[in-house]
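To start, the structure under review is shown below, and the notes come after it.
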Amino acid sequence: KPVTDKDILADAETTGDVLTYGLGTEAQRFSPLELVNKDTVKGLVPVWAFSFGGEKQRGQESQPLVVDGVIYVTGSYSRIWAVDAKTGKELWEYNARLPDGIMPCCDVINRGAAVYGDKVYFGTLDAKIVALNRETGKVVWSKAIEDYKAGYSITNAPLIVNGMLITGVAGGEFGVVGKVYALDAETGEMKWIRPVIEGNMGTRDGKPSTMTGTKNASWEGDQWQTGGGGTWLGGTYDPKTGLLFYGTGNPAPWNSWLRPGDNLYSASRLAIDPKTGEIVWHYQTTPHDGWDFDGVNEAIPFDLKGADGKVTPAVATADRNGFFFVLDRATGKFISAKPFVSRHDWATGYDDKGRPIYNPEFRPGNPAAGGGADGKGKSVFTAPSFLGGKNWMPMAYSKKTSLFYIPSNEWGMDIWNEPITYKKGAAYLGAGFTIKPLYEDHIGVLRAIDPATGKIKWEYKNRAPLWGGVLTTAGGLVFTGTPEGYLKAFDDETGKELWSFNTGSGVVASPITWDMDGEQYVAVVSGWGGAVPLWGGDVAEYVKNFNQGGMLWVFKLPKKS
Ligand SMILES: O=C(O)c1cc(C(=O)O)c2c(n1)C(=O)C(=O)c1cc(C(=O)O)[nH]c1-2
Ligand SMILES: [Ca+2]
C-alpha cells in the first residue's frame with residue numbers, strides 16, 4: 001500500500017516497518033521493540049543473507065528500509081535491490097550504470113533509500129535522484145540535480161517531508177557550493193534550492209529567493225563562489241518545530257590562510273524551513289575551519305531534561321571537531337559543547353556564546369610553525385584527525401536511558417598547508433596530511449554520553465576505527481558494527497558486550513530492527529570500505545587486509561516450537 005506523510009511521521013513508533021533513514025525523521029535510531037533484550041539477545045542467529053554480487057565490492061554504508069515485507073537496500077556503485085524480508089529472495093535489482101569520471105571523494109558508497117507513495121528513491125554518484133516503482137523496480141523519473149563533472153555526487157539517503165524529497169549533495173573537496181534541494185516526490189519537479197554558502201542566491205519555484213543573513217560578509221572577494229560546504233550527509237526533520245536540520249561541510253579549500261573570515265555557513269548546523277527553503281537559524285561549530293572539520297554530522301532532535309526537571313526542545317550533534325553540542329532547536333541558541341574524545345588540541349572548549357576558544361599553535365600553517373598568508377607552513381601534529389572524532393556514522397539516542405551513543409575515534413594527524421588555486425573538477429585542498437593513531441590498542445570508542453551534563457557514562461574500545469551507525473532499543477541494547485567484521489550488541493547502561501556475530505567483512509553501515517508476525521528482526525549490511533582505507537594514512541596500513549564484501553544480513557531469535 002502507498003506510503004503516506006502520516007506513515008513517515010509515525011515511523012519511530014510503528015515497529016512493523018522502517019520507512020526512513022534514522023528510524024524516524026528525527027533519526028534517533030531508537031526502536032520501542034523489546035523482544036530481543038538483554039536476556040534474549042544471546043540467542044540471536046542469522047535467518048538469511050543476501051549478496052550484492054558484482055565484480056567489485058567496496059564500502060557498503062547503506063541502511064535498509066522495510067515496507068510491507070519488502071527490504072529496499074542500496075549498495076556500492078549506485079545499485080539498489082528489493083528483497084523479500086522473510087526469505088531473502090531478490091525481487092528486483094536496479095543498477096544506475098555510472099558514467100566514467102564520477103568524483104566521490106571517499107569511496108563509491110551510498111547510505112540508503114527513501115520511500116513515498118508507490119516509489120522508492122535514491123541518489124547516485126553522478127548526482128541524480130532516481131525514483132523507481134517499488135513493485136517493479138522500473139524508473140518513474142530520474143533527475144540530474146548537479147553536474148558530476150564539477151565534482152558533485154550524492155551519497156546521502158534522501159528525506160521525505162510533506163510530499164517533498166529533500167537531499168543534500170557532496171563535493172566539498174572540489175570547491176563546489178553545497179546546497180539543499182527539495183523536489184516534488186511525485187514528479188521530480190524542483191521546488192526550491194538552498195545554497196548553504198553566504199552570498200549564493202537560492203531559488204523557490206524556479207524564481208530567485210532571498211539569502212538569509214548578511215550577504216557574503218564572512219568571505220573575502222569571490223571566494224564564496226567556490227566555498228564548499230557540502231551537505232553530503234543529508235538532514236533530519238522535526239515535526240514539532242516544522243524545521244529541517246542540515247549539517248554543512250568543510251569550507252574550500254582546506255588551507256584556511258587562503259580564505260580569511262568565518263566562512264559562513266560552512267561547518268555549521270542550519271535550520272531550514274521546508275516550505276520555503278529559507279534558513280531560520282544557524283550555528284557554526286568550527287568558524288574558519290582549518291582542519292577539514294567538515295561538520296555535516298547529523299543533528300538529532302530530542303527533549304533535554306535539566307536537573308530541575310525542566311524540558312527543553314533541543315537538538316544534539318557530535319561534530320568531527322571532537323565536541324558534542326546541544327542547541328535549542330527552535331532558536332539555535334547554544335546550550336553546551338562538551339568534548340567526547342580524549343584530545344581536542346585545536347580548541348580548549350567553547351565560551352558562553354558558543355565560540356570556540358582556539359589554540360592557535362595547532363592551526364596548520366600557523367606563523368609559529370613558519371606559515372602564514374602564503375599558505376605555506378611546517379607540519380603540525382594535532383588531534384582529532386580530519387576523519388574526525390566522529391565522521392558520518394550516525395549516533396543513536398535512547399528514549400529509555402536518555403543517553404546518546406556515539407561511534408567515536410581517537411586519532412591525530414600531521415597536517416601542513418600548500419598553495420592551491422581553484423580549477424573546475426579538480427581537488428581543491430591546499431593541504432597535505434598523514435593520519436596516525438593516538439593509542440596502540442584502540443582507535444574506535446563507542447561512548448554513552450549524557451546530554452544534560454556531557455559526562456561519559458561508559459565506553460567500549462575497538463582496535464580499528466568505528467565506521468558504522470548505531471541502533472538502540474527499548475530492550476536495553478545498543479547495536480553497532482566494526483571493521484573487523486562484527487555486529488555487536490551492548491548493554492545500554494553498562495556497555496557490557498552481550499552478543500556478537502562476524503559477518504565476514506567489515507560492518508560500516510547502520511543496523512535496523514523491525515517486527516514481523518510477532519518476531520523481532522535485526523538487519524545490517526556488511527562490506528568494508530569508506531574513507532578510512534583511502535585516506536587513513538598510517539591507520540589505512542593497519543586495515544588494508546580486511547576482507548571486502550557486500551551482504552545484507554538478517555537476524556532473529558529462533559522460533560519456540
Ligand atoms: O566534503 C564533501 O563533500 C564530503 C563528502 C563525503 C561523502 O559524500 O561521502 C565525505 C567527506 N566529504 C569527508 O570529508 C569524509 O571524511 C567522508 C568519509 C566518508 C565515508 O563515507 O566514509 N564520506 C566522506
Ligand atoms: Ca569533506
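In the C-alpha cells, chains take the letters A, B, ... in the order shown, each chain's residues start at 1, and ligands count up from 1 in the order shown.
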
Env of Ser505 in chain A: 12 Å cut, atoms = only C-alpha atoms, seq-sep filter 6 positions within chain, self excluded. Answer as a PyMOL selection string.
chain A and resi 51+57-60+481-487+524-529+543+545-553

Within 6 Å of ligand 1, counting only C-alpha atoms and all ligand atoms, which protein or nucleic acid residues do you find, written as a ChimeraX atom specification?
/A:105-106,155,170-173,230,232,249-250,294,387,530-531

Take the residues from that selection and put them in a file with N, CA and C atoms, as a JSON list (two decimals), in the first residue's frame.
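Below is the file that was written, result_13.json:
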```
[["chain", "number", "residue", "atom", "x", "y", "z"],
["A", 105, "CYS", "N", 34.59, 11.67, -3.20],
["A", 105, "CYS", "CA", 35.90, 11.82, -2.56],
["A", 105, "CYS", "C", 36.31, 10.58, -1.81],
["A", 106, "CYS", "N", 35.27, 9.80, -1.31],
["A", 106, "CYS", "CA", 35.55, 8.91, -0.19],
["A", 106, "CYS", "C", 34.89, 7.55, -0.37],
["A", 155, "THR", "N", 25.67, 10.90, -1.94],
["A", 155, "THR", "CA", 25.93, 9.71, -1.13],
["A", 155, "THR", "C", 24.89, 9.56, -0.03],
["A", 170, "ALA", "N", 27.28, 16.13, -2.26],
["A", 170, "ALA", "CA", 28.68, 16.07, -1.87],
["A", 170, "ALA", "C", 29.54, 16.81, -2.89],
["A", 171, "GLY", "N", 30.76, 17.13, -2.50],
["A", 171, "GLY", "CA", 31.69, 17.78, -3.41],
["A", 171, "GLY", "C", 32.58, 18.82, -2.75],
["A", 172, "GLY", "N", 32.59, 18.84, -1.42],
["A", 172, "GLY", "CA", 33.36, 19.83, -0.66],
["A", 172, "GLY", "C", 34.84, 19.85, -0.97],
["A", 173, "GLU", "N", 35.37, 18.72, -1.42],
["A", 173, "GLU", "CA", 36.80, 18.65, -1.72],
["A", 173, "GLU", "C", 37.11, 19.22, -3.11],
["A", 230, "GLY", "N", 29.74, 21.15, 1.53],
["A", 230, "GLY", "CA", 28.93, 20.01, 1.08],
["A", 230, "GLY", "C", 27.88, 19.66, 2.12],
["A", 232, "TRP", "N", 26.59, 16.70, 2.37],
["A", 232, "TRP", "CA", 26.67, 15.34, 1.86],
["A", 232, "TRP", "C", 26.06, 14.27, 2.74],
["A", 249, "GLY", "N", 29.36, 21.03, 5.37],
["A", 249, "GLY", "CA", 30.72, 20.50, 5.43],
["A", 249, "GLY", "C", 31.81, 21.55, 5.44],
["A", 250, "ASN", "N", 33.02, 21.07, 5.16],
["A", 250, "ASN", "CA", 34.21, 21.91, 5.22],
["A", 250, "ASN", "C", 34.16, 23.03, 4.20],
["A", 294, "ASP", "N", 34.66, 19.02, 8.86],
["A", 294, "ASP", "CA", 33.55, 19.00, 7.93],
["A", 294, "ASP", "C", 32.27, 18.67, 8.71],
["A", 387, "LEU", "N", 39.57, 12.95, 9.73],
["A", 387, "LEU", "CA", 38.45, 12.00, 9.65],
["A", 387, "LEU", "C", 37.57, 12.07, 10.88],
["A", 530, "GLY", "N", 34.75, 2.72, 2.57],
["A", 530, "GLY", "CA", 34.57, 4.09, 3.05],
["A", 530, "GLY", "C", 35.90, 4.82, 3.05],
["A", 531, "ALA", "N", 35.97, 5.90, 3.80],
["A", 531, "ALA", "CA", 37.12, 6.81, 3.72],
["A", 531, "ALA", "C", 38.39, 6.26, 4.37]]
```

What residues have any atom no more than 12 Å from ligand 2 when counting only C-alpha atoms and all ligand atoms, and can you list them as an NGL selection string?
:A and (104-106 or 151-152 or 169-176 or 178 or 227-233 or 247-254 or 266-267 or 289-297 or 320 or 386-388 or 391-392 or 427-429 or 531 or 535)

Skip range 302-304 of chain A itself and residues of its chain fewer than 5 positions away, then list as a list of chain:residue names all residues within 6 Å of it, counting only C-alpha atoms.
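In the requested format, the answer is A:Val311, A:Thr312, A:Pro313, A:Ala314, A:Val315.
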
Same residues, C-alpha atoms, output as a JSON list (two decimals), in the first residue's frame:
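This went into result.json:
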```json
[["chain", "number", "residue", "atom", "x", "y", "z"],
["A", 311, "VAL", "CA", 12.34, 20.04, 29.45],
["A", 312, "THR", "CA", 13.93, 21.98, 26.59],
["A", 313, "PRO", "CA", 13.22, 21.08, 22.96],
["A", 314, "ALA", "CA", 16.83, 20.57, 21.89],
["A", 315, "VAL", "CA", 18.94, 19.19, 19.12]]
```

May I have a table of the residues of range 59-164 of chain A lying at most 9 Å from range 274-284 of chain A, giving each one's closest pair of atoms and their distance in Å to one decimal, counting only C-alpha atoms, ordered by chain and ascending residue number, as a Markdown table?
```
| residue | atom | partner | partner_atom | distance |
| --- | --- | --- | --- | --- |
| A:Val161 | CA | A:Pro274 | CA | 7.6 |
| A:Asn162 | CA | A:Pro274 | CA | 8.6 |
| A:Met164 | CA | A:Pro274 | CA | 8.7 |
```

If you run DSSP on the backbone, which residues of range 207-290 of chain A are strand (DSSP E), as an mmCIF file with N, CA and C atoms, in the first residue's frame?
```cif
data_model
loop_
_atom_site.group_PDB
_atom_site.id
_atom_site.type_symbol
_atom_site.label_atom_id
_atom_site.label_comp_id
_atom_site.auth_asym_id
_atom_site.auth_seq_id
_atom_site.Cartn_x
_atom_site.Cartn_y
_atom_site.Cartn_z
ATOM 1 N N LYS A 207 12.111 30.687 -9.122
ATOM 2 C CA LYS A 207 12.419 32.123 -9.043
ATOM 3 C C LYS A 207 13.462 32.369 -7.952
ATOM 4 N N PRO A 208 14.266 33.435 -8.115
ATOM 5 C CA PRO A 208 15.265 33.752 -7.082
ATOM 6 C C PRO A 208 14.609 33.961 -5.721
ATOM 7 N N SER A 209 15.217 33.456 -4.677
ATOM 8 C CA SER A 209 14.693 33.700 -3.336
ATOM 9 C C SER A 209 15.806 34.301 -2.490
ATOM 10 N N GLY A 235 19.893 15.343 6.006
ATOM 11 C CA GLY A 235 19.431 16.034 7.211
ATOM 12 C C GLY A 235 18.356 15.282 7.953
ATOM 13 N N THR A 236 17.823 15.960 8.993
ATOM 14 C CA THR A 236 16.733 15.407 9.794
ATOM 15 C C THR A 236 15.566 16.392 9.746
ATOM 16 N N TYR A 237 14.401 15.939 10.181
ATOM 17 C CA TYR A 237 13.225 16.808 10.202
ATOM 18 C C TYR A 237 12.527 16.643 11.540
ATOM 19 N N ASP A 238 12.169 17.789 12.140
ATOM 20 C CA ASP A 238 11.492 17.787 13.427
ATOM 21 C C ASP A 238 10.053 18.264 13.228
ATOM 22 N N LEU A 243 10.927 22.161 11.354
ATOM 23 C CA LEU A 243 12.214 22.573 10.763
ATOM 24 C C LEU A 243 13.026 21.378 10.281
ATOM 25 N N LEU A 244 13.770 21.634 9.185
ATOM 26 C CA LEU A 244 14.792 20.699 8.728
ATOM 27 C C LEU A 244 16.097 21.091 9.407
ATOM 28 N N PHE A 245 16.899 20.090 9.823
ATOM 29 C CA PHE A 245 18.229 20.377 10.356
ATOM 30 C C PHE A 245 19.264 19.764 9.429
ATOM 31 N N TYR A 246 20.127 20.626 8.904
ATOM 32 C CA TYR A 246 21.157 20.186 7.974
ATOM 33 C C TYR A 246 22.529 20.565 8.483
ATOM 34 N N GLY A 247 23.468 19.627 8.383
ATOM 35 C CA GLY A 247 24.861 19.938 8.662
ATOM 36 C C GLY A 247 25.522 20.364 7.364
ATOM 37 N N SER A 268 28.656 24.090 9.808
ATOM 38 C CA SER A 268 27.572 24.637 10.636
ATOM 39 C C SER A 268 26.416 23.659 10.715
ATOM 40 N N ARG A 269 25.458 23.981 11.587
ATOM 41 C CA ARG A 269 24.148 23.338 11.538
ATOM 42 C C ARG A 269 23.151 24.426 11.158
ATOM 43 N N LEU A 270 22.298 24.115 10.184
ATOM 44 C CA LEU A 270 21.287 25.060 9.715
ATOM 45 C C LEU A 270 19.908 24.499 10.017
ATOM 46 N N ALA A 271 18.995 25.383 10.440
ATOM 47 C CA ALA A 271 17.575 25.043 10.486
ATOM 48 C C ALA A 271 16.956 25.685 9.255
ATOM 49 N N ILE A 272 16.275 24.885 8.459
ATOM 50 C CA ILE A 272 15.705 25.355 7.195
ATOM 51 C C ILE A 272 14.202 25.121 7.210
ATOM 52 N N ILE A 279 16.765 29.839 5.448
ATOM 53 C CA ILE A 279 17.488 29.480 6.671
ATOM 54 C C ILE A 279 16.850 30.213 7.848
ATOM 55 N N VAL A 280 16.432 29.457 8.863
ATOM 56 C CA VAL A 280 15.766 30.041 10.031
ATOM 57 C C VAL A 280 16.791 30.381 11.113
ATOM 58 N N TRP A 281 17.748 29.491 11.345
ATOM 59 C CA TRP A 281 18.867 29.818 12.236
ATOM 60 C C TRP A 281 20.101 29.040 11.810
ATOM 61 N N HIS A 282 21.249 29.491 12.288
ATOM 62 C CA HIS A 282 22.477 28.744 12.012
ATOM 63 C C HIS A 282 23.350 28.752 13.253
ATOM 64 N N TYR A 283 24.147 27.706 13.391
ATOM 65 C CA TYR A 283 25.155 27.653 14.436
ATOM 66 C C TYR A 283 26.401 27.025 13.829
ATOM 67 N N GLN A 284 27.510 27.760 13.901
ATOM 68 C CA GLN A 284 28.739 27.276 13.280
ATOM 69 C C GLN A 284 29.619 26.592 14.332
#
```

Applying 7 Å and only C-alpha atoms, which residues near range 351-363 of chain A remain after dropping the ones on its own chain fewer than 2 positions away? List them as an NGL selection string.
:A and (290 or 334 or 345-349 or 365-366 or 368 or 380 or 382)

Looking at only C-alpha atoms, which of A:Gly188, A:Gly425, A:Pro32, A:Pro64 is the one that sits closest to Thr20 in chain A?
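Of all the options, A:Pro64 lies closest to Thr20 in chain A.
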
Please identify all polymer residues within 12 Å of Thr15 in chain A, counting only C-alpha atoms, omitting same-chain residues fewer than 5 positions from it, and present them as a VMD selection string.
chain A and resid 7 10 23 to 24 30 to 35 66 to 68 473 to 474 512 to 522

I'd like the contact shell of Tyr181 in chain A - 7 Å cut-off, only C-alpha atoms, skipping same-chain residues fewer than 2 positions apart - returned as a PyMOL selection string.
chain A and resi 166-168+179+183+192-194

Can you measure CA of Met393 in chain A to CA of Gly123 in chain A for me? One decimal in Å is fine.
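Separating CA of Met393 in chain A from CA of Gly123 in chain A is a distance of 17.9 Å.
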
What is the CA of Ser62 in chain A to CA of Lys138 in chain A distance in Å?
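Computing the Euclidean distance for CA of Ser62 in chain A and CA of Lys138 in chain A yields 20.7 Å.
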
For CA of Ala182 in chain A and CA of Glu146 in chain A, the interatomic separation in Å (one decimal):
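One can read the CA of Ala182 in chain A to CA of Glu146 in chain A distance as 13.3 Å.
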
Taking the DSSP assignment computed from this structure's backbone, write out as a PyMOL selection string all residues of range 349-464 of chain A that belong to helix (DSSP H, G or I).
chain A and resi 360-362+367-369

Do a neighbour search on Lys119 in chain A at 7 Å with only C-alpha atoms, toss out local chain neighbours closer than 2 positions, and write the hits as a VMD selection string.
chain A and resid 115 to 117 121 131 to 134
